>>> print(open('query.txt').read())   # compact mmCIF, C-alpha atoms and all ligand atoms
# COMPACT_ATOMS: atom_id res chain seq x y z
CA MET Q 1 133.91 -7.26 103.92
CA GLU Q 2 134.21 -10.98 104.76
CA LEU Q 3 133.16 -13.48 102.06
CA ASN Q 4 130.39 -14.86 104.30
CA ALA Q 5 129.07 -11.43 105.33
CA LYS Q 6 125.42 -10.78 104.55
CA VAL Q 7 125.29 -8.27 101.72
CA TYR Q 8 122.10 -6.60 100.47
CA VAL Q 9 121.99 -5.05 96.99
CA ALA Q 10 119.02 -2.69 96.75
CA GLY Q 11 118.02 -2.32 93.09
CA HIS Q 12 119.66 -5.55 91.89
CA ARG Q 13 117.81 -5.65 88.57
CA GLY Q 14 119.05 -2.30 87.25
CA LEU Q 15 122.18 -1.46 85.26
CA VAL Q 16 124.18 -0.67 88.42
CA GLY Q 17 122.69 -3.13 90.91
CA SER Q 18 122.94 -6.10 88.52
CA ALA Q 19 126.62 -5.29 87.92
CA ILE Q 20 127.29 -5.09 91.68
CA LEU Q 21 125.57 -8.44 92.20
CA ARG Q 22 127.66 -10.05 89.41
CA ALA Q 23 130.86 -8.64 90.93
CA LEU Q 24 129.98 -9.95 94.40
CA GLU Q 25 129.19 -13.41 93.00
CA ASN Q 26 132.42 -13.44 90.97
CA GLU Q 27 134.45 -12.56 94.06
CA GLY Q 28 132.91 -15.46 95.99
CA TYR Q 29 130.37 -13.73 98.25
CA THR Q 30 127.82 -16.37 99.21
CA ASN Q 31 125.40 -14.63 101.55
CA LEU Q 32 123.69 -12.20 99.20
CA VAL Q 33 120.23 -10.73 99.73
CA TYR Q 34 118.02 -9.02 97.17
CA ARG Q 35 114.33 -8.43 96.57
CA THR Q 36 112.36 -7.33 93.53
CA SER Q 37 110.22 -4.22 93.94
CA SER Q 38 107.07 -6.36 94.02
CA GLU Q 39 108.54 -8.43 96.87
CA LEU Q 40 109.66 -5.35 98.82
CA ASP Q 41 108.48 -1.82 98.05
CA LEU Q 42 111.35 0.33 99.29
CA ARG Q 43 109.01 3.33 99.47
CA ASN Q 44 107.15 1.64 102.35
CA ARG Q 45 108.87 2.43 105.64
CA GLU Q 46 107.25 -0.33 107.72
CA ASP Q 47 108.12 -3.02 105.18
CA VAL Q 48 111.72 -1.83 104.88
CA LEU Q 49 112.19 -1.71 108.67
CA ALA Q 50 110.73 -5.23 109.02
CA PHE Q 51 112.97 -6.55 106.21
CA PHE Q 52 116.16 -5.16 107.80
CA GLU Q 53 115.12 -6.38 111.26
CA LYS Q 54 114.52 -9.90 109.98
CA GLU Q 55 117.54 -10.22 107.68
CA GLN Q 56 120.25 -8.76 109.98
CA ILE Q 57 122.29 -7.40 107.07
CA ASP Q 58 126.01 -6.50 107.36
CA TYR Q 59 126.65 -4.46 104.19
CA VAL Q 60 124.27 -2.49 101.93
CA PHE Q 61 124.71 -1.17 98.38
CA VAL Q 62 121.99 1.41 97.64
CA ALA Q 63 121.58 1.11 93.87
CA ALA Q 64 117.78 1.41 93.99
CA ALA Q 65 116.40 4.65 92.59
CA LYS Q 66 113.82 6.01 90.22
CA VAL Q 67 115.90 7.02 87.18
CA GLY Q 68 115.24 8.25 83.66
CA GLY Q 69 116.37 10.52 80.84
CA ILE Q 70 115.55 14.18 80.33
CA ALA Q 71 111.98 13.55 79.10
CA ALA Q 72 110.98 11.37 82.06
CA ASN Q 73 112.55 13.82 84.55
CA ASN Q 74 110.63 16.63 82.93
CA ASP Q 75 107.26 14.85 82.83
CA TYR Q 76 107.29 13.26 86.31
CA PRO Q 77 109.21 15.67 88.62
CA ALA Q 78 107.03 14.89 91.65
CA ASP Q 79 107.52 11.13 91.27
CA PHE Q 80 111.29 11.58 90.94
CA ILE Q 81 111.72 13.62 94.12
CA ARG Q 82 109.17 11.64 96.19
CA ASP Q 83 110.20 8.10 95.25
CA ASN Q 84 113.92 8.78 95.60
CA LEU Q 85 113.54 10.54 98.96
CA LEU Q 86 111.36 7.70 100.26
CA ILE Q 87 113.60 4.87 98.99
CA GLN Q 88 116.85 6.30 100.32
CA THR Q 89 115.42 7.57 103.62
CA ASN Q 90 113.85 4.19 104.40
CA VAL Q 91 116.96 2.19 103.48
CA ILE Q 92 119.48 4.48 105.23
CA ASP Q 93 117.38 4.75 108.39
CA ALA Q 94 116.64 1.01 108.54
CA ALA Q 95 120.35 0.29 108.01
CA TYR Q 96 121.17 2.48 111.01
CA ARG Q 97 118.44 0.95 113.19
CA SER Q 98 119.50 -2.62 112.42
CA ASN Q 99 123.23 -1.92 113.01
CA VAL Q 100 124.42 -2.42 109.43
CA LYS Q 101 128.26 -2.32 109.41
CA LYS Q 102 128.62 -0.26 106.26
CA LEU Q 103 126.45 1.23 103.52
CA LEU Q 104 127.34 2.64 100.10
CA PHE Q 105 124.94 5.22 98.67
CA LEU Q 106 125.12 5.88 94.93
CA GLY Q 107 124.45 9.33 93.53
CA SER Q 108 125.03 10.76 90.10
CA THR Q 109 127.06 13.55 88.53
CA CYS Q 110 123.89 15.61 88.00
CA ILE Q 111 124.25 16.64 91.67
CA TYR Q 112 127.00 19.08 90.61
CA PRO Q 113 126.15 22.71 89.74
CA LYS Q 114 125.20 23.26 86.11
CA PHE Q 115 128.03 25.70 85.47
CA ALA Q 116 130.74 24.04 87.56
CA PRO Q 117 134.19 23.91 85.90
CA GLN Q 118 135.23 20.64 84.18
CA PRO Q 119 136.42 18.15 85.19
CA LEU Q 120 133.99 18.03 88.10
CA LYS Q 121 135.75 17.85 91.45
CA GLU Q 122 134.02 16.51 94.57
CA GLU Q 123 134.38 19.88 96.32
CA TYR Q 124 132.08 21.59 93.75
CA LEU Q 125 129.03 20.02 95.42
CA LEU Q 126 126.59 22.72 96.61
CA THR Q 127 128.53 25.65 95.12
CA GLY Q 128 125.90 26.70 92.55
CA SER Q 129 122.48 26.10 90.98
CA LEU Q 130 121.55 22.81 89.39
CA GLU Q 131 120.43 21.90 85.88
CA PRO Q 132 116.66 22.65 86.09
CA THR Q 133 115.48 19.60 84.11
CA ASN Q 134 116.67 17.09 86.68
CA GLU Q 135 116.69 19.27 89.79
CA PRO Q 136 114.08 17.19 91.71
CA TYR Q 137 116.17 14.03 91.18
CA ALA Q 138 119.43 15.81 92.01
CA ILE Q 139 118.02 17.36 95.19
CA ALA Q 140 116.86 13.94 96.38
CA LYS Q 141 120.36 12.55 95.74
CA ILE Q 142 122.01 15.48 97.55
CA ALA Q 143 119.66 14.83 100.49
CA GLY Q 144 120.82 11.18 100.48
CA ILE Q 145 124.49 12.22 100.63
CA ASN Q 146 123.79 14.63 103.44
CA MET Q 147 121.76 12.00 105.28
CA CYS Q 148 124.69 9.55 105.18
CA GLN Q 149 127.05 12.28 106.43
CA SER Q 150 124.66 13.39 109.17
CA TYR Q 151 124.09 9.82 110.40
CA ASN Q 152 127.86 9.31 110.51
CA ARG Q 153 128.25 12.49 112.54
CA GLN Q 154 125.39 11.93 114.97
CA TYR Q 155 125.25 8.13 115.22
CA GLY Q 156 128.78 7.05 114.29
CA THR Q 157 127.63 4.95 111.31
CA LYS Q 158 129.88 4.13 108.33
CA PHE Q 159 127.73 5.31 105.43
CA ILE Q 160 129.72 6.34 102.33
CA SER Q 161 128.63 7.96 99.04
CA ALA Q 162 129.96 7.60 95.50
CA MET Q 163 129.10 9.61 92.36
CA PRO Q 164 129.36 7.62 89.14
CA THR Q 165 129.61 9.27 85.73
CA ASN Q 166 127.42 8.18 82.73
CA MET Q 167 127.28 4.42 82.62
CA TYR Q 168 126.58 1.74 80.07
CA GLY Q 169 126.48 -2.06 80.13
CA PRO Q 170 124.16 -5.07 80.18
CA ASN Q 171 120.56 -4.46 81.34
CA ASP Q 172 120.65 -0.94 79.92
CA ASN Q 173 117.57 0.81 78.54
CA PHE Q 174 117.49 0.53 74.72
CA ASP Q 175 114.15 2.30 74.27
CA LEU Q 176 114.82 5.11 71.78
CA LYS Q 177 112.45 7.59 73.47
CA SER Q 178 113.85 7.33 76.98
CA SER Q 179 117.38 5.94 76.65
CA HIS Q 180 120.73 7.68 76.84
CA VAL Q 181 122.87 8.22 73.76
CA LEU Q 182 125.06 5.10 73.87
CA PRO Q 183 122.34 2.40 73.93
CA ALA Q 184 120.27 4.54 71.52
CA LEU Q 185 123.08 4.60 68.94
CA ILE Q 186 123.75 0.85 69.29
CA ARG Q 187 120.13 0.20 68.50
CA LYS Q 188 119.90 2.77 65.69
CA PHE Q 189 123.01 1.48 63.86
CA HIS Q 190 122.00 -2.15 64.35
CA GLU Q 191 118.51 -1.60 62.95
CA ALA Q 192 119.79 0.53 60.06
CA ASN Q 193 122.28 -2.22 59.22
CA GLU Q 194 119.58 -4.89 59.20
CA ALA Q 195 117.24 -2.74 57.11
CA GLU Q 196 120.11 -1.60 54.84
CA ALA Q 197 118.98 1.99 55.45
CA PRO Q 198 121.07 4.68 53.70
CA SER Q 199 121.68 6.79 56.82
CA VAL Q 200 121.38 7.00 60.62
CA GLU Q 201 120.23 10.15 62.37
CA VAL Q 202 122.29 11.28 65.36
CA TRP Q 203 120.76 14.08 67.46
CA GLY Q 204 122.45 17.44 67.81
CA THR Q 205 125.71 18.62 66.27
CA GLY Q 206 127.86 15.68 67.42
CA ASN Q 207 130.13 18.16 69.24
CA PRO Q 208 129.16 17.57 72.90
CA LYS Q 209 131.55 15.40 74.84
CA ARG Q 210 130.61 12.65 77.30
CA GLU Q 211 132.45 10.21 79.53
CA PHE Q 212 131.28 6.56 79.51
CA LEU Q 213 131.96 4.09 82.31
CA HIS Q 214 131.20 0.37 81.93
CA SER Q 215 128.91 -0.89 84.72
CA ASP Q 216 131.39 -3.72 85.53
CA ASP Q 217 134.05 -1.06 86.19
CA LEU Q 218 131.57 0.81 88.36
CA ALA Q 219 130.76 -2.37 90.33
CA ASP Q 220 134.46 -3.02 90.83
CA ALA Q 221 134.88 0.54 92.17
CA CYS Q 222 131.90 0.09 94.51
CA LEU Q 223 133.38 -3.08 96.03
CA PHE Q 224 136.76 -1.35 96.30
CA LEU Q 225 135.22 1.58 98.21
CA MET Q 226 133.13 -0.68 100.43
CA LYS Q 227 136.29 -2.53 101.44
CA SER Q 228 138.64 0.40 101.85
CA TYR Q 229 136.96 3.82 102.12
CA GLU Q 230 135.56 5.14 105.39
CA ASP Q 231 135.27 8.89 104.90
CA SER Q 232 131.99 10.86 104.78
CA GLU Q 233 133.17 12.91 101.79
CA ILE Q 234 131.81 11.84 98.39
CA VAL Q 235 134.02 10.09 95.79
CA ASN Q 236 133.64 10.38 92.00
CA ILE Q 237 133.78 7.21 89.89
CA GLY Q 238 134.72 7.68 86.25
CA VAL Q 239 137.32 6.97 83.60
CA GLY Q 240 138.72 10.50 83.53
CA ASP Q 241 138.44 10.78 79.76
CA ASP Q 242 135.64 11.71 77.35
CA ILE Q 243 134.84 11.57 73.64
CA SER Q 244 132.57 13.57 71.35
CA ILE Q 245 129.17 12.21 70.29
CA LYS Q 246 130.51 12.24 66.71
CA GLU Q 247 133.45 10.01 67.70
CA LEU Q 248 131.09 7.74 69.64
CA ALA Q 249 128.79 7.44 66.61
CA GLU Q 250 131.74 6.53 64.36
CA LEU Q 251 133.00 3.93 66.82
CA ILE Q 252 129.57 2.28 67.10
CA LYS Q 253 129.12 2.43 63.33
CA ASP Q 254 132.40 0.51 62.90
CA ILE Q 255 131.57 -2.08 65.56
CA VAL Q 256 128.14 -2.75 64.04
CA GLY Q 257 129.71 -2.83 60.55
CA TYR Q 258 127.25 -0.32 59.13
CA LYS Q 259 128.24 1.11 55.75
CA GLY Q 260 125.77 4.01 55.38
CA GLU Q 261 126.01 7.69 56.32
CA ILE Q 262 125.78 9.45 59.68
CA VAL Q 263 123.46 12.46 59.56
CA PHE Q 264 123.55 14.98 62.41
CA ASN Q 265 120.20 16.61 63.17
CA SER Q 266 121.24 19.93 64.68
CA THR Q 267 117.64 21.04 65.17
CA ILE Q 268 117.68 18.76 68.26
CA PRO Q 269 119.43 20.35 71.26
CA ASP Q 270 122.93 19.26 72.28
CA GLY Q 271 122.36 19.64 76.03
CA THR Q 272 125.39 20.19 78.27
CA PRO Q 273 128.55 20.67 76.16
CA ARG Q 274 130.67 18.51 78.47
CA LYS Q 275 130.23 16.31 81.55
CA LEU Q 276 133.49 14.86 82.82
CA VAL Q 277 134.33 13.91 86.41
CA ASP Q 278 137.65 14.46 88.09
CA VAL Q 279 138.94 11.03 89.17
CA THR Q 280 142.07 12.20 90.98
CA LYS Q 281 140.62 11.17 94.33
CA ILE Q 282 139.64 7.58 93.49
CA ASN Q 283 142.83 7.05 91.46
CA GLY Q 284 144.79 8.28 94.47
CA LEU Q 285 142.98 5.76 96.67
CA GLY Q 286 144.26 3.03 94.33
CA TRP Q 287 141.42 2.36 91.86
CA LYS Q 288 141.37 2.94 88.10
CA ALA Q 289 138.80 2.02 85.41
CA GLN Q 290 139.98 -0.99 83.37
CA ILE Q 291 137.54 -1.53 80.50
CA PRO Q 292 138.42 0.45 77.35
CA LEU Q 293 135.37 1.97 75.66
CA GLU Q 294 135.78 0.00 72.44
CA GLU Q 295 136.00 -3.34 74.28
CA GLY Q 296 132.99 -2.45 76.46
CA LEU Q 297 130.98 -1.41 73.39
CA ARG Q 298 131.77 -4.69 71.63
CA SER Q 299 130.54 -6.76 74.57
CA VAL Q 300 127.39 -4.67 74.97
CA TYR Q 301 126.68 -5.00 71.24
CA THR Q 302 127.11 -8.79 71.38
CA ALA Q 303 124.69 -8.98 74.34
CA PHE Q 304 122.25 -6.67 72.54
CA GLN Q 305 122.30 -8.89 69.43
CA GLN Q 306 121.62 -12.01 71.52
CA GLU Q 307 118.71 -10.35 73.28
CA HIS Q 308 117.40 -8.98 70.00
CA LEU Q 309 117.40 -12.50 68.50
CA ILE Q 310 115.57 -13.92 71.51
CA LYS Q 311 112.84 -11.28 71.20
CA GLN Q 312 112.35 -11.86 67.44
P1 LIG Z 1 122.85 13.66 78.68
O1 LIG Z 1 124.23 13.09 78.84
O2 LIG Z 1 122.14 13.84 79.97
O3 LIG Z 1 122.86 14.90 77.83
O4 LIG Z 1 121.94 12.59 77.93
P2 LIG Z 1 121.99 11.76 76.58
O5 LIG Z 1 122.85 10.56 76.75
O6 LIG Z 1 120.53 11.49 76.28
O7 LIG Z 1 122.58 12.68 75.43
C1 LIG Z 1 123.95 12.94 75.26
C2 LIG Z 1 124.18 13.64 73.92
O8 LIG Z 1 123.99 12.71 72.85
C3 LIG Z 1 123.26 14.81 73.65
O9 LIG Z 1 124.02 15.82 73.02
C4 LIG Z 1 122.26 14.22 72.65
O10 LIG Z 1 121.67 15.19 71.82
C5 LIG Z 1 123.18 13.30 71.85
N1 LIG Z 1 122.49 12.25 71.07
C6 LIG Z 1 122.73 11.97 69.75
N2 LIG Z 1 121.92 11.01 69.30
C7 LIG Z 1 121.15 10.62 70.36
C8 LIG Z 1 120.14 9.64 70.51
O11 LIG Z 1 119.75 8.93 69.58
N3 LIG Z 1 119.58 9.51 71.75
C9 LIG Z 1 120.00 10.27 72.81
N4 LIG Z 1 119.44 10.08 74.02
N5 LIG Z 1 120.96 11.24 72.69
C10 LIG Z 1 121.52 11.41 71.48
>>> encode(input="query.txt", output="structure tokens")
Amino acid sequence: MELNAKVYVAGHRGLVGSAILRALENEGYTNLVYRTSSELDLRNREDVLAFFEKEQIDYVFVAAAKVGGIAANNDYPADFIRDNLLIQTNVIDAAYRSNVKKLLFLGSTCIYPKFAPQPLKEEYLLTGSLEPTNEPYAIAKIAGINMCQSYNRQYGTKFISAMPTNMYGPNDNFDLKSSHVLPALIRKFHEANEAEAPSVEVWGTGNPKREFLHSDDLADACLFLMKSYEDSEIVNIGVGDDISIKELAELIKDIVGYKGEIVFNSTIPDGTPRKLVDVTKINGLGWKAQIPLEEGLRSVYTAFQQEHLIKQ
């Protein structure tokens, strides 16, 4: 990927897309293209085809998707499958038709079967049934992977797919109703600290384990794969290590400097006991995550505090 190549980041305002854009800028890429969803609705095939035809793009990162937590997936299943199928189909097909050199499609670890062994290896894809709550989203993502593979087979394109684990970083969703655990706990401990509240409620038993990848590490992995990986087979991106929700809560409590109690509300479900990806493949290719969780949490908390002050 030459520094003056034209690179399009679809979904550049999200957690993943914004990190990819930052990484490209930091590495000196000067010919970057991006559009907000009001400038270009990726669900509209004609508009997407016209955009690719006009821009003559060399490389594409597909970080645009309709995403959300368990509640949103449950309430809007039709929107999740429709919007994701439309976005990825339009972008992948337009990339093929306008002779894009290479495309990276981003999936998620929810594409793996619900009861697959841990850590999740790439070869477990399509070996069992999915978690029902996000099945429409996962099926759309699996269709995207298969579409990249099928285009490579039939048309000789270079469309690759990567599966990132749970991510965190700047531009995350801190809304307590719809966010994931890490931003939720940052907000809860911060607000409890400010209000001098005696305790913070953490959902579930605290026993489930999760892996957390900083979005800057993910972006670095995406650029690495774009430059060096050409195979149709999917690649996991993760840190290869996980921690319990209890340990995460204690770490965030320390970083925020909160002195009160942590109270686990075990009437709220724990969800999947563990979700860890196997990173043997990407490590073997020569990439490893660099940002330790504690360091990543500190930087996210600093950014959160700055944003919080601006909003006040
Ligand atoms: P998941 O990884 O898809 O299960 O999604 P989450 O990030 O929402 O939840 C991970 C785990 O953290 C689950 O066991 C939750 O019950 C637990 N958890 C504890 N406190 C919270 C919280 O305040 N918000 C969220 N979203 N999860 C929490």
>>> closest_residue(input="query.txt", among="Q:Leu248, Q:Ala303, Q:Val239, Q:Leu225", to="Gly286 (chain Q)", atoms="only C-alpha atoms")
Q:Leu225
>>> residues_around(input="query.txt", residues="region 10-15 of chain Q", least_positions_apart="6", cutoff="6 Å", atoms="only C-alpha atoms", output="PyMOL selection string")
chain Q and resi 62-64+171-172
>>> residues_around(input="query.txt", residues="Glu233 (chain Q)", least_positions_apart="2", cutoff="8 Å", atoms="all atoms listed in the file", output="list in words")
Gln149, Ile160, Ser161, Asp231 and Val235 of chain Q
>>> axis_aligned_box(input="query.txt", around="ligand LIG 1 (chain Z)", padding_each_side="8 Å", output="lines of an AutoDock Vina configuration file")
center_x = 121.8
center_y = 12.4
center_z = 74.6
size_x = 20.8
size_y = 22.9
size_z = 26.7
>>> atom_distance(input="query.txt", atom1="CA of Tyr112 (chain Q)", atom2="CA of Asp93 (chain Q)")
24.8 Å
>>> residues_near_ligand(input="query.txt", ligand="ligand LIG 1 (chain Z)", cutoff="9 Å", atoms="only C-alpha atoms and all ligand atoms", output="number ranges by chain")
Q: 69-70, 110, 166, 176-185, 187-188, 201-211, 244-246, 249, 264-266, 268-275
>>> atom_distance(input="query.txt", atom1="CA of Tyr34 (chain Q)", atom2="CA of Lys101 (chain Q)")
17.3 Å
>>> atom_distance(input="query.txt", atom1="CA of Glu131 (chain Q)", atom2="CA of Phe212 (chain Q)")
19.8 Å
>>> closest_residue(input="query.txt", among="Q:Val67, Q:Leu32, Q:Ala94, Q:Ala138", to="Lys54 (chain Q)", atoms="only C-alpha atoms")
Q:Ala94
>>> closest_residue(input="query.txt", among="Q:Pro164, Q:Pro136, Q:Pro170, Q:Gly156", to="Glu122 (chain Q)", atoms="only C-alpha atoms")
Q:Pro164
>>> closest_residue(input="query.txt", among="Q:Ser129, Q:Thr165, Q:Asn74, Q:Gln56", to="Val277 (chain Q)", atoms="all atoms listed in the file")
Q:Thr165
>>> closest_residue(input="query.txt", among="Q:Ile186, Q:Thr157, Q:Gln88, Q:Pro113", to="Ala140 (chain Q)", atoms="all atoms listed in the file")
Q:Gln88
>>> build_atoms(input="query.txt", residues="region 264-278 of chain Q", atoms="N, CA, C and O atoms", output="compact mmCIF listing (two decimals), keeping the file's coordinate frame")
# COMPACT_ATOMS: atom_id res chain seq x y z
N PHE Q 264 123.78 14.29 61.15
CA PHE Q 264 123.55 14.98 62.41
C PHE Q 264 122.33 15.88 62.28
O PHE Q 264 122.27 16.68 61.34
N ASN Q 265 121.39 15.76 63.20
CA ASN Q 265 120.20 16.61 63.17
C ASN Q 265 120.39 17.72 64.20
O ASN Q 265 120.05 17.57 65.38
N SER Q 266 120.91 18.87 63.73
CA SER Q 266 121.24 19.93 64.68
C SER Q 266 120.03 20.75 65.09
O SER Q 266 120.16 21.72 65.83
N THR Q 267 118.83 20.35 64.64
CA THR Q 267 117.64 21.04 65.17
C THR Q 267 117.30 20.48 66.56
O THR Q 267 116.53 21.05 67.29
N ILE Q 268 117.90 19.33 66.92
CA ILE Q 268 117.68 18.76 68.26
C ILE Q 268 118.80 19.27 69.17
O ILE Q 268 119.97 19.28 68.78
N PRO Q 269 118.41 19.73 70.40
CA PRO Q 269 119.43 20.35 71.26
C PRO Q 269 120.57 19.41 71.66
O PRO Q 269 120.37 18.20 71.77
N ASP Q 270 121.73 20.00 71.88
CA ASP Q 270 122.93 19.26 72.28
C ASP Q 270 122.96 18.96 73.78
O ASP Q 270 123.65 18.04 74.21
N GLY Q 271 122.25 19.77 74.56
CA GLY Q 271 122.36 19.64 76.03
C GLY Q 271 123.69 20.18 76.51
O GLY Q 271 124.35 20.96 75.82
N THR Q 272 124.13 19.73 77.67
CA THR Q 272 125.39 20.19 78.27
C THR Q 272 126.55 19.91 77.32
O THR Q 272 126.66 18.80 76.80
N PRO Q 273 127.43 20.90 77.08
CA PRO Q 273 128.55 20.67 76.16
C PRO Q 273 129.51 19.58 76.64
O PRO Q 273 130.07 18.85 75.84
N ARG Q 274 129.68 19.47 77.96
CA ARG Q 274 130.67 18.51 78.47
C ARG Q 274 130.28 18.07 79.87
O ARG Q 274 129.75 18.87 80.64
N LYS Q 275 130.54 16.82 80.20
CA LYS Q 275 130.23 16.31 81.55
C LYS Q 275 131.29 15.27 81.89
O LYS Q 275 131.17 14.12 81.54
N LEU Q 276 132.35 15.75 82.52
CA LEU Q 276 133.49 14.86 82.82
C LEU Q 276 133.80 14.96 84.31
O LEU Q 276 133.87 16.07 84.84
N VAL Q 277 133.99 13.82 84.98
CA VAL Q 277 134.33 13.91 86.41
C VAL Q 277 135.84 13.86 86.62
O VAL Q 277 136.57 13.27 85.83
N ASP Q 278 136.25 14.51 87.70
CA ASP Q 278 137.65 14.46 88.09
C ASP Q 278 137.85 13.18 88.93
O ASP Q 278 137.17 12.99 89.92
